[in-house]
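Note: the block below is run38.pdb and it holds PDB, C-alpha atoms.
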ATOM      1  CA  MET A1351      21.835  -1.488  40.528
ATOM      2  CA  ARG A1352      24.132  -1.316  37.519
ATOM      3  CA  ILE A1353      26.487   1.675  37.474
ATOM      4  CA  GLY A1354      27.485   3.039  34.098
ATOM      5  CA  TYR A1355      29.463   5.989  32.812
ATOM      6  CA  PHE A1356      27.965   9.020  31.038
ATOM      7  CA  LEU A1357      29.787  10.291  27.954
ATOM      8  CA  ALA A1358      28.993  14.018  27.887
ATOM      9  CA  SER A1359      29.105  15.065  24.240
ATOM     10  CA  GLU A1360      28.673  18.707  25.259
ATOM     11  CA  GLU A1361      32.006  18.713  27.117
ATOM     12  CA  TYR A1362      34.395  16.333  25.360
ATOM     13  CA  THR A1363      35.850  15.754  21.891
ATOM     14  CA  PRO A1364      35.153  12.474  20.073
ATOM     15  CA  ALA A1365      38.654  11.202  20.912
ATOM     16  CA  GLU A1366      38.149  12.032  24.596
ATOM     17  CA  LEU A1367      34.768  10.278  24.620
ATOM     18  CA  LEU A1368      36.319   7.123  23.175
ATOM     19  CA  ALA A1369      39.164   7.217  25.691
ATOM     20  CA  GLN A1370      36.671   7.617  28.543
ATOM     21  CA  ALA A1371      34.592   4.707  27.255
ATOM     22  CA  ARG A1372      37.636   2.436  27.223
ATOM     23  CA  ALA A1373      38.666   3.588  30.706
ATOM     24  CA  ALA A1374      35.145   3.090  32.039
ATOM     25  CA  GLU A1375      35.087  -0.503  30.855
ATOM     26  CA  GLU A1376      38.567  -1.197  32.224
ATOM     27  CA  HIS A1377      37.588   0.145  35.663
ATOM     28  CA  GLY A1378      34.360  -1.752  36.180
ATOM     29  CA  PHE A1379      31.578   0.476  34.874
ATOM     30  CA  GLY A1380      28.857  -1.687  33.362
ATOM     31  CA  ALA A1381      27.359   0.414  30.551
ATOM     32  CA  LEU A1382      27.498   3.776  28.770
ATOM     33  CA  TRP A1383      25.199   6.735  28.280
ATOM     34  CA  ILE A1384      25.952   9.307  25.575
ATOM     35  CA  SER A1385      24.206  12.637  25.094
ATOM     36  CA  ASP A1386      22.785  13.760  21.743
ATOM     37  CA  HIS A1387      23.120  17.537  21.274
ATOM     38  CA  TYR A1388      23.576  19.991  18.426
ATOM     39  CA  HIS A1389      24.861  22.681  20.807
ATOM     40  CA  PRO A1390      26.513  22.508  24.214
ATOM     41  CA  TRP A1391      24.579  24.121  27.034
ATOM     42  CA  ASN A1392      27.209  26.868  27.340
ATOM     43  CA  ALA A1393      30.482  27.932  25.782
ATOM     44  CA  GLU A1394      32.503  26.636  28.741
ATOM     45  CA  GLN A1395      31.497  23.092  27.831
ATOM     46  CA  GLY A1396      32.634  23.785  24.298
ATOM     47  CA  GLN A1397      31.877  20.607  22.279
ATOM     48  CA  SER A1398      29.039  18.847  20.493
ATOM     49  CA  PRO A1399      30.057  16.064  18.079
ATOM     50  CA  PHE A1400      27.480  14.195  16.003
ATOM     51  CA  VAL A1401      26.420  11.387  18.289
ATOM     52  CA  TRP A1402      25.801   8.754  15.606
ATOM     53  CA  SER A1403      29.377   8.994  14.351
ATOM     54  CA  VAL A1404      30.679   8.572  17.896
ATOM     55  CA  ILE A1405      28.395   5.580  18.507
ATOM     56  CA  GLY A1406      29.845   3.899  15.433
ATOM     57  CA  ALA A1407      33.322   4.402  16.856
ATOM     58  CA  LEU A1408      32.207   3.170  20.287
ATOM     59  CA  SER A1409      31.077  -0.096  18.727
ATOM     60  CA  GLN A1410      34.716  -0.749  17.817
ATOM     61  CA  ALA A1411      36.217   0.610  21.054
ATOM     62  CA  THR A1412      34.210  -1.084  23.798
ATOM     63  CA  SER A1413      31.968  -4.051  24.504
ATOM     64  CA  LEU A1414      29.702  -2.092  26.861
ATOM     65  CA  PRO A1415      26.005  -1.423  26.135
ATOM     66  CA  VAL A1416      25.239   2.111  24.915
ATOM     67  CA  THR A1417      22.124   4.256  25.462
ATOM     68  CA  THR A1418      21.478   7.690  23.991
ATOM     69  CA  ALA A1419      20.526  10.034  26.814
ATOM     70  CA  VAL A1420      18.677  11.349  25.067
ATOM     71  CA  THR A1421      17.781  11.696  21.380
ATOM     72  CA  CYS A1422      14.952  13.977  20.296
ATOM     73  CA  PRO A1423      13.396  12.254  17.247
ATOM     74  CA  THR A1424      10.820  14.916  16.454
ATOM     75  CA  VAL A1425      12.108  18.209  15.008
ATOM     76  CA  ARG A1426      15.794  18.382  14.033
ATOM     77  CA  ILE A1427      15.845  14.855  12.586
ATOM     78  CA  HIS A1428      12.825  13.027  11.168
ATOM     79  CA  PRO A1429      11.941   9.841  13.076
ATOM     80  CA  ALA A1430      12.358   7.752   9.899
ATOM     81  CA  VAL A1431      16.028   8.767   9.857
ATOM     82  CA  ILE A1432      16.392   8.081  13.598
ATOM     83  CA  ALA A1433      14.899   4.644  12.953
ATOM     84  CA  GLN A1434      17.705   3.925  10.494
ATOM     85  CA  ALA A1435      20.392   5.357  12.802
ATOM     86  CA  ALA A1436      19.140   3.283  15.732
ATOM     87  CA  ALA A1437      18.902   0.111  13.650
ATOM     88  CA  THR A1438      22.463   0.506  12.370
ATOM     89  CA  SER A1439      23.737   1.275  15.871
ATOM     90  CA  SER A1440      22.031  -1.869  17.176
ATOM     91  CA  VAL A1441      23.684  -3.948  14.460
ATOM     92  CA  MET A1442      27.142  -2.477  15.089
ATOM     93  CA  LEU A1443      26.795  -2.951  18.846
ATOM     94  CA  ASP A1444      25.474  -6.503  18.405
ATOM     95  CA  GLY A1445      22.187  -5.728  20.146
ATOM     96  CA  ARG A1446      23.751  -3.706  22.989
ATOM     97  CA  PHE A1447      22.108  -0.424  21.972
ATOM     98  CA  VAL A1448      19.142   1.358  23.574
ATOM     99  CA  LEU A1449      17.521   4.386  21.968
ATOM    100  CA  GLY A1450      16.783   6.841  24.743
ATOM    101  CA  VAL A1451      14.335   9.499  23.535
ATOM    102  CA  GLY A1452      12.813  12.678  24.896
ATOM    103  CA  SER A1453      10.802  15.709  23.848
ATOM    104  CA  GLY A1454      13.951  17.800  23.411
ATOM    105  CA  GLU A1455      15.101  21.362  23.989
ATOM    106  CA  ALA A1456      14.782  24.441  21.820
ATOM    107  CA  LEU A1457      18.564  24.832  22.213
ATOM    108  CA  ASN A1458      19.095  21.920  19.825
ATOM    109  CA  GLU A1459      15.875  21.631  17.873
ATOM    110  CA  HIS A1460      15.097  25.194  16.726
ATOM    111  CA  ILE A1461      18.075  25.371  14.365
ATOM    112  CA  LEU A1462      16.020  24.662  11.217
ATOM    113  CA  GLY A1463      13.926  27.778  11.817
ATOM    114  CA  GLY A1464      10.564  26.268  12.704
ATOM    115  CA  PRO A1465       8.474  27.106  15.764
ATOM    116  CA  TRP A1466       9.190  25.425  19.096
ATOM    117  CA  PRO A1467       5.960  23.576  19.993
ATOM    118  CA  ALA A1468       4.270  23.650  23.369
ATOM    119  CA  GLY A1469       5.020  20.819  25.768
ATOM    120  CA  SER A1470       1.774  18.967  25.100
ATOM    121  CA  VAL A1471       2.404  19.070  21.348
ATOM    122  CA  ARG A1472       5.974  17.863  21.792
ATOM    123  CA  LEU A1473       4.721  14.830  23.699
ATOM    124  CA  GLU A1474       2.187  14.164  20.955
ATOM    125  CA  MET A1475       4.966  14.375  18.367
ATOM    126  CA  LEU A1476       7.185  12.094  20.456
ATOM    127  CA  GLU A1477       4.501   9.425  20.665
ATOM    128  CA  GLU A1478       4.009   9.464  16.901
ATOM    129  CA  ALA A1479       7.786   9.436  16.331
ATOM    130  CA  VAL A1480       8.138   6.285  18.446
ATOM    131  CA  GLU A1481       5.325   4.737  16.392
ATOM    132  CA  VAL A1482       7.217   5.519  13.166
ATOM    133  CA  ILE A1483      10.508   4.120  14.494
ATOM    134  CA  ARG A1484       8.892   0.882  15.583
ATOM    135  CA  LEU A1485       6.964   0.566  12.322
ATOM    136  CA  LEU A1486      10.135   0.753  10.247
ATOM    137  CA  GLN A1487      12.117  -1.552  12.505
ATOM    138  CA  ARG A1488       9.593  -4.321  11.916
ATOM    139  CA  GLY A1489      11.114  -4.783   8.473
ATOM    140  CA  GLY A1490       9.455  -4.489   5.090
ATOM    141  CA  GLN A1491       8.257  -1.424   3.217
ATOM    142  CA  HIS A1492       5.974   1.011   5.035
ATOM    143  CA  SER A1493       4.136   4.279   4.583
ATOM    144  CA  HIS A1494       2.735   6.438   7.373
ATOM    145  CA  ARG A1495       0.548   9.522   7.293
ATOM    146  CA  GLY A1496       0.006  10.934  10.735
ATOM    147  CA  ARG A1497      -0.706  14.278  12.288
ATOM    148  CA  HIS A1498       2.959  15.282  12.404
ATOM    149  CA  TYR A1499       4.911  12.920  10.132
ATOM    150  CA  THR A1500       4.669  11.419   6.674
ATOM    151  CA  VAL A1501       6.674   8.393   5.532
ATOM    152  CA  GLU A1502       6.434   7.198   1.957
ATOM    153  CA  ASN A1503       7.569   3.739   0.796
ATOM    154  CA  ALA A1504      10.371   3.483   3.366
ATOM    155  CA  ARG A1505      12.239   0.301   4.180
ATOM    156  CA  LEU A1506      15.188  -0.325   6.488
ATOM    157  CA  TRP A1507      17.474  -2.888   4.904
ATOM    158  CA  THR A1508      20.000  -3.117   7.744
ATOM    159  CA  LEU A1509      18.109  -4.378  10.766
ATOM    160  CA  PRO A1510      19.111  -5.880  14.123
ATOM    161  CA  GLU A1511      17.856  -9.329  15.103
ATOM    162  CA  ARG A1512      15.430  -7.648  17.523
ATOM    163  CA  PRO A1513      14.004  -4.108  17.316
ATOM    164  CA  THR A1514      15.958  -1.513  19.263
ATOM    165  CA  PRO A1515      14.567  -1.006  22.796
ATOM    166  CA  ILE A1516      13.247   2.519  23.307
ATOM    167  CA  TYR A1517      13.462   4.223  26.718
ATOM    168  CA  LEU A1518      11.710   7.532  27.322
ATOM    169  CA  SER A1519      12.998  10.442  29.412
ATOM    170  CA  ALA A1520      10.259  12.075  31.467
ATOM    171  CA  PHE A1521       9.864  14.458  34.406
ATOM    172  CA  GLY A1522       6.249  15.657  34.454
ATOM    173  CA  PRO A1523       3.262  13.391  35.109
ATOM    174  CA  LYS A1524       1.998  13.353  31.506
ATOM    175  CA  ALA A1525       5.401  12.405  30.173
ATOM    176  CA  ILE A1526       5.873   9.716  32.820
ATOM    177  CA  ASP A1527       2.495   8.226  31.950
ATOM    178  CA  LEU A1528       3.519   8.241  28.281
ATOM    179  CA  ALA A1529       6.747   6.427  29.151
ATOM    180  CA  ALA A1530       4.790   3.791  31.044
ATOM    181  CA  ARG A1531       2.407   3.346  28.129
ATOM    182  CA  ILE A1532       4.700   3.237  25.087
ATOM    183  CA  ALA A1533       8.347   2.816  26.139
ATOM    184  CA  ASP A1534      10.503  -0.172  27.040
ATOM    185  CA  GLY A1535      12.114   1.733  29.917
ATOM    186  CA  TYR A1536      12.147   5.044  31.779
ATOM    187  CA  ILE A1537      14.928   7.659  32.098
ATOM    188  CA  CYS A1538      15.076  10.255  34.890
ATOM    189  CA  VAL A1539      18.043  12.235  36.222
ATOM    190  CA  GLN A1540      16.586  12.875  39.674
ATOM    191  CA  PRO A1541      16.763  10.193  42.407
ATOM    192  CA  ARG A1542      13.074  10.564  43.205
ATOM    193  CA  GLY A1543      11.171   7.517  44.302
ATOM    194  CA  ASP A1544       7.846   9.257  43.683
ATOM    195  CA  LEU A1545       8.613   9.544  39.960
ATOM    196  CA  VAL A1546       9.645   5.902  39.754
ATOM    197  CA  ALA A1547       6.487   4.945  41.649
ATOM    198  CA  ARG A1548       4.315   6.879  39.199
ATOM    199  CA  TYR A1549       5.992   5.088  36.293
ATOM    200  CA  ARG A1550       5.371   1.710  37.943
ATOM    201  CA  ASP A1551       1.817   2.568  39.023
ATOM    202  CA  ALA A1552       1.002   3.637  35.460
ATOM    203  CA  GLY A1553       2.015   0.207  34.203
ATOM    204  CA  GLY A1554       5.691   0.741  33.358
ATOM    205  CA  THR A1555       7.611  -2.502  33.738
ATOM    206  CA  GLY A1556      10.909  -1.705  32.013
ATOM    207  CA  PRO A1557      14.237  -0.697  33.558
ATOM    208  CA  VAL A1558      14.631   2.730  35.137
ATOM    209  CA  GLN A1559      17.835   4.624  34.283
ATOM    210  CA  GLY A1560      19.206   7.650  36.098
ATOM    211  CA  GLY A1561      22.096  10.061  35.686
ATOM    212  CA  LEU A1562      24.439  11.571  38.279
ATOM    213  CA  LYS A1563      26.869  14.431  37.770
ATOM    214  CA  VAL A1564      30.011  14.463  39.923
ATOM    215  CA  ALA A1565      33.185  16.541  39.958
ATOM    216  CA  TRP A1566      36.119  14.551  41.277
ATOM    217  CA  ALA A1567      39.408  16.328  41.976
ATOM    218  CA  TYR A1568      42.047  16.090  44.673
ATOM    219  CA  ASP A1569      40.747  19.388  46.072
ATOM    220  CA  ALA A1570      37.025  19.883  46.769
ATOM    221  CA  ASP A1571      37.094  23.644  46.167
ATOM    222  CA  THR A1572      38.710  23.162  42.768
ATOM    223  CA  ALA A1573      36.098  20.554  41.876
ATOM    224  CA  LEU A1574      33.256  22.860  42.921
ATOM    225  CA  ARG A1575      34.613  25.781  40.895
ATOM    226  CA  THR A1576      34.872  23.527  37.839
ATOM    227  CA  ALA A1577      31.345  22.157  38.259
ATOM    228  CA  HIS A1578      29.918  25.649  38.706
ATOM    229  CA  ARG A1579      31.787  26.998  35.677
ATOM    230  CA  LYS A1580      30.884  24.179  33.309
ATOM    231  CA  TRP A1581      27.441  22.907  34.374
ATOM    232  CA  PRO A1582      25.385  25.593  36.181
ATOM    233  CA  ASN A1583      22.557  24.820  33.736
ATOM    234  CA  GLU A1584      21.789  21.644  35.688
ATOM    235  CA  GLN A1585      20.348  23.786  38.476
ATOM    236  CA  LEU A1586      18.021  25.868  36.304
ATOM    237  CA  PRO A1587      14.400  25.529  37.424
ATOM    238  CA  GLY A1588      11.274  24.460  35.620
ATOM    239  CA  GLU A1589      11.065  24.576  31.829
ATOM    240  CA  LEU A1590      13.928  27.018  31.242
ATOM    241  CA  PRO A1591      16.317  24.357  29.862
ATOM    242  CA  GLN A1592      13.633  23.256  27.394
ATOM    243  CA  VAL A1593      12.577  26.649  26.044
ATOM    244  CA  LEU A1594      15.705  28.862  25.963
ATOM    245  CA  PRO A1595      16.957  28.789  22.358
ATOM    246  CA  THR A1596      20.699  29.548  22.486
ATOM    247  CA  THR A1597      23.785  28.891  24.574
ATOM    248  CA  ARG A1598      23.909  32.618  25.307
ATOM    249  CA  HIS A1599      20.427  32.505  26.842
ATOM    250  CA  ILE A1600      21.385  29.443  28.900
ATOM    251  CA  GLU A1601      24.505  31.279  30.100
ATOM    252  CA  GLN A1602      22.443  34.315  31.092
ATOM    253  CA  ALA A1603      20.075  32.162  33.125
ATOM    254  CA  GLY A1604      22.987  30.198  34.573
ATOM    255  CA  SER A1605      24.485  33.404  35.980
ATOM    256  CA  LEU A1606      21.785  33.192  38.663
ATOM    257  CA  VAL A1607      23.067  29.784  39.829
ATOM    258  CA  THR A1608      25.434  30.073  42.796
ATOM    259  CA  PRO A1609      28.323  27.760  43.671
ATOM    260  CA  GLU A1610      26.391  26.771  46.775
ATOM    261  CA  MET A1611      23.482  25.543  44.640
ATOM    262  CA  VAL A1612      25.857  23.416  42.579
ATOM    263  CA  GLY A1613      27.642  22.101  45.666
ATOM    264  CA  GLU A1614      24.385  20.910  47.184
ATOM    265  CA  ALA A1615      23.491  18.920  44.069
ATOM    266  CA  VAL A1616      26.859  17.680  42.778
ATOM    267  CA  PRO A1617      29.316  15.545  44.770
ATOM    268  CA  CYS A1618      32.539  17.546  44.471
ATOM    269  CA  GLY A1619      36.009  16.453  45.460
ATOM    270  CA  PRO A1620      37.657  13.281  46.778
ATOM    271  CA  ASP A1621      35.276  12.367  49.617
ATOM    272  CA  ALA A1622      34.135   8.876  48.606
ATOM    273  CA  ALA A1623      31.221   8.986  51.045
ATOM    274  CA  ARG A1624      29.544  11.813  49.103
ATOM    275  CA  HIS A1625      29.775   9.895  45.849
ATOM    276  CA  ILE A1626      28.566   6.676  47.474
ATOM    277  CA  ASP A1627      25.631   8.388  49.175
ATOM    278  CA  ALA A1628      24.567  10.028  45.898
ATOM    279  CA  LEU A1629      24.561   6.667  44.118
ATOM    280  CA  ARG A1630      22.728   4.951  46.964
ATOM    281  CA  ALA A1631      19.998   7.598  46.723
ATOM    282  CA  PHE A1632      19.196   6.270  43.242
ATOM    283  CA  ALA A1633      19.201   2.687  44.495
ATOM    284  CA  ASP A1634      16.877   3.611  47.358
ATOM    285  CA  ALA A1635      14.534   5.369  44.903
ATOM    286  CA  GLY A1636      14.141   2.183  42.874
ATOM    287  CA  PHE A1637      16.458   2.809  39.927
ATOM    288  CA  ASP A1638      17.905  -0.158  38.065
ATOM    289  CA  GLU A1639      20.827   1.722  36.492
ATOM    290  CA  VAL A1640      22.645   5.008  37.129
ATOM    291  CA  TYR A1641      25.244   6.710  34.906
ATOM    292  CA  VAL A1642      28.020   8.886  36.338
ATOM    293  CA  HIS A1643      29.280  11.981  34.496
ATOM    294  CA  GLN A1644      32.666  13.283  35.615
ATOM    295  CA  ILE A1645      32.745  17.058  35.098
ATOM    296  CA  GLY A1646      35.931  18.792  34.083
ATOM    297  CA  GLY A1647      37.961  15.960  32.634
ATOM    298  CA  ALA A1648      38.138  12.276  33.416
ATOM    299  CA  PRO A1649      41.741  11.427  34.223
ATOM    300  CA  GLU A1650      42.966   7.973  35.141
ATOM    301  CA  GLU A1651      42.840   9.033  38.795
ATOM    302  CA  PHE A1652      39.062   9.524  38.618
ATOM    303  CA  PHE A1653      38.467   6.052  37.234
ATOM    304  CA  ALA A1654      40.851   4.522  39.776
ATOM    305  CA  PHE A1655      39.033   6.385  42.568
ATOM    306  CA  TYR A1656      35.687   4.966  41.489
ATOM    307  CA  ALA A1657      37.047   1.456  40.937
ATOM    308  CA  GLU A1658      38.748   1.319  44.314
ATOM    309  CA  GLU A1659      36.613   3.432  46.641
ATOM    310  CA  VAL A1660      33.116   3.902  45.207
ATOM    311  CA  LEU A1661      31.853   1.039  43.032
ATOM    312  CA  PRO A1662      32.571  -1.712  45.606
ATOM    313  CA  GLU A1663      30.452   0.135  48.181
ATOM    314  CA  VAL A1664      27.276   0.453  46.103
ATOM    315  CA  PRO A1665      24.913  -2.516  45.673
ATOM    316  CA  GLY A1666      25.441  -3.876  42.190
ATOM    317  CA  GLY A1667      28.372  -1.529  41.530
TER     318      GLY A1667
END
Go ahead and express the file in the form of structure tokens.
Amino acid sequence: MRIGYFLASEEYTPAELLAQARAAEEHGFGALWISDHYHPWNAEQGQSPFVWSVIGALSQATSLPVTTAVTCPTVRIHPAVIAQAAATSSVMLDGRFVLGVGSGEALNEHILGGPWPAGSVRLEMLEEAVEVIRLLQRGGQHSHRGRHYTVENARLWTLPERPTPIYLSAFGPKAIDLAARIADGYICVQPRGDLVARYRDAGGTGPVQGGLKVAWAYDADTALRTAHRKWPNEQLPGELPQVLPTTRHIEQAGSLVTPEMVGEAVPCGPDAARHIDALRAFADAGFDEVYVHQIGGAPEEFFAFYAEEVLPEVPGG
């Protein structure tokens, strides 16, 4: 299982993201995830740079592969524009770019003032968006008139040697089945073998990527307080993260998340065994790749800790 590093755009400035990418490569991480948000989940996180600018900088700062985790190509940005952004990113990264896509959250997508569609409609839009992206990345001039999108006489002139692979983030059964049917890979942030099995049983043959949040610090209590302050939204149930429209609403819901809930889900502190066990859970569930997000700053000591005590103990790390 390949272990990568997750660049959390919601929490770090562009300069910090670039520094983390360089440190990740120097300390043995094998790839990069980067989130694509318009807003952070809450004010404590406090950042949200434009991901496509940062990806351009990453292409000059590291030789690691990069995946967006994830881009919503349906509402805030038209899929024809995402097709161009992905093609250029693939060229700049010399084919080391994967477009991770998902059905999105109202937090980021409602900003243009339109309605937030129901889940079934969002999946329908996502399927058509992937169709548009692939159509344009074939090369040549194309038009498309679908249920949700219109493209008129569009041509991408800067194209990679091979079309950008598209991985799809999915949690519910309909979305997982869609990933198996149309995507080149599957993204899931929970180490659940049943979800991987559904993807495989539905015909999905591509790589499976996962994400793990950790909070390393010399003191476990300090790490837990930081994780609870910055990322309580990770423990929100059901569809709340998808339908709440503002950071203030996310913060209000997050006030119900206790430190104990965060501590059960997030490896906090310097105990290498907790970090190793969390990574092995993804390996045991059948994941091919997992990306680690260090909450609350990623000092040199964190990367040294992973390089010396964690990565050597995980198969493929």
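Residues with any atom within 10 Å of range 1594-1602 of chain A, counting only C-alpha atoms and excluding same-chain neighbours fewer than 2 positions away, are His1389, Pro1390, Trp1391, Asn1392, Ala1393, Glu1394, Glu1455, Ala1456, Leu1457, Asn1458, Glu1459, His1460, Ile1461, Trp1466, Trp1581, Pro1582, Asn1583, Leu1586, Glu1589, Leu1590, Pro1591, Gln1592, Gly1604, Ser1605, Leu1606 and Val1607 of chain A.
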Result set of the PyMOL selection byres ((chain A and resi 1544) around 12) on the coordinates above, as a PyMOL selection string: chain A and resi 1521-1523+1526+1538+1540-1543+1545-1551+1632+1634-1637
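Here the question is which of A:Trp1566, A:Phe1447, A:Tyr1536, A:Phe1379 gets nearest to Pro1515 in chain A using only C-alpha atoms, and that residue is A:Phe1447.
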Could you list, as number ranges by chain, every residue within 12 Å of Gln1434 in chain A, counting only C-alpha atoms and ignoring same-chain residues fewer than 3 positions away? A: 1402, 1423, 1427-1431, 1437-1441, 1449, 1482-1489, 1504-1510, 1513-1514
When you count only C-alpha atoms, which of these residues is closest to Ala1365 in chain A: A:Ser1403, A:Gln1395, A:Thr1421, A:Thr1576? A:Ser1403
Restricting the calculation to all atoms listed in the file: of A:Met1351, A:Leu1462, A:Val1640, A:Met1475, which residue gets closest to Thr1417 in chain A? A:Val1640
Would you mind putting back all heavy atoms on range 1472-1480 of chain A, then writing it out as a short mmCIF file (atom, residue, chain, number, x, y, z; two decimals), in the coordinates of the input?
data_model
loop_
_atom_site.label_atom_id
_atom_site.label_comp_id
_atom_site.auth_asym_id
_atom_site.auth_seq_id
_atom_site.Cartn_x
_atom_site.Cartn_y
_atom_site.Cartn_z
N ARG A 1472 4.73 18.61 21.90
CA ARG A 1472 5.97 17.86 21.79
C ARG A 1472 5.78 16.41 22.24
O ARG A 1472 6.35 15.49 21.64
CB ARG A 1472 7.08 18.53 22.62
CG ARG A 1472 7.40 19.94 22.17
CD ARG A 1472 8.78 20.39 22.60
NE ARG A 1472 9.04 20.29 24.02
CZ ARG A 1472 8.77 21.23 24.91
NH1 ARG A 1472 8.19 22.36 24.53
NH2 ARG A 1472 9.08 21.08 26.17
N LEU A 1473 4.99 16.20 23.27
CA LEU A 1473 4.72 14.83 23.70
C LEU A 1473 3.91 14.08 22.65
O LEU A 1473 4.15 12.89 22.40
CB LEU A 1473 3.97 14.83 25.03
CG LEU A 1473 4.78 15.20 26.28
CD1 LEU A 1473 3.89 15.17 27.51
CD2 LEU A 1473 5.97 14.25 26.46
N GLU A 1474 2.97 14.77 22.03
CA GLU A 1474 2.19 14.16 20.96
C GLU A 1474 3.09 13.78 19.78
O GLU A 1474 2.97 12.68 19.21
CB GLU A 1474 1.12 15.16 20.51
CG GLU A 1474 0.11 14.65 19.53
CD GLU A 1474 -0.91 15.73 19.19
OE1 GLU A 1474 -0.63 16.51 18.25
OE2 GLU A 1474 -1.95 15.81 19.87
N MET A 1475 4.01 14.66 19.43
CA MET A 1475 4.97 14.38 18.37
C MET A 1475 5.88 13.20 18.75
O MET A 1475 6.19 12.34 17.91
CB MET A 1475 5.81 15.61 18.07
CG MET A 1475 5.02 16.79 17.52
SD MET A 1475 6.00 18.32 17.42
CE MET A 1475 7.10 17.89 16.05
N LEU A 1476 6.31 13.17 20.00
CA LEU A 1476 7.18 12.09 20.46
C LEU A 1476 6.49 10.74 20.37
O LEU A 1476 7.09 9.75 19.93
CB LEU A 1476 7.64 12.37 21.89
CG LEU A 1476 8.62 11.38 22.51
CD1 LEU A 1476 9.90 11.29 21.70
CD2 LEU A 1476 8.93 11.79 23.95
N GLU A 1477 5.23 10.69 20.75
CA GLU A 1477 4.50 9.43 20.66
C GLU A 1477 4.41 8.95 19.22
O GLU A 1477 4.62 7.75 18.93
CB GLU A 1477 3.11 9.59 21.27
CG GLU A 1477 2.31 8.29 21.24
CD GLU A 1477 1.02 8.36 22.03
OE1 GLU A 1477 0.67 9.45 22.54
OE2 GLU A 1477 0.34 7.30 22.14
N GLU A 1478 4.10 9.87 18.30
CA GLU A 1478 4.01 9.46 16.90
C GLU A 1478 5.38 9.07 16.35
O GLU A 1478 5.50 8.13 15.56
CB GLU A 1478 3.41 10.59 16.06
CG GLU A 1478 3.15 10.16 14.62
CD GLU A 1478 2.49 11.25 13.79
OE1 GLU A 1478 1.91 12.20 14.37
OE2 GLU A 1478 2.56 11.15 12.54
N ALA A 1479 6.43 9.77 16.78
CA ALA A 1479 7.79 9.44 16.33
C ALA A 1479 8.17 8.03 16.75
O ALA A 1479 8.76 7.27 15.96
CB ALA A 1479 8.78 10.45 16.89
N VAL A 1480 7.85 7.65 17.98
CA VAL A 1480 8.14 6.28 18.45
C VAL A 1480 7.36 5.28 17.61
O VAL A 1480 7.89 4.21 17.25
CB VAL A 1480 7.80 6.15 19.94
CG1 VAL A 1480 7.84 4.69 20.38
CG2 VAL A 1480 8.78 6.98 20.78
#
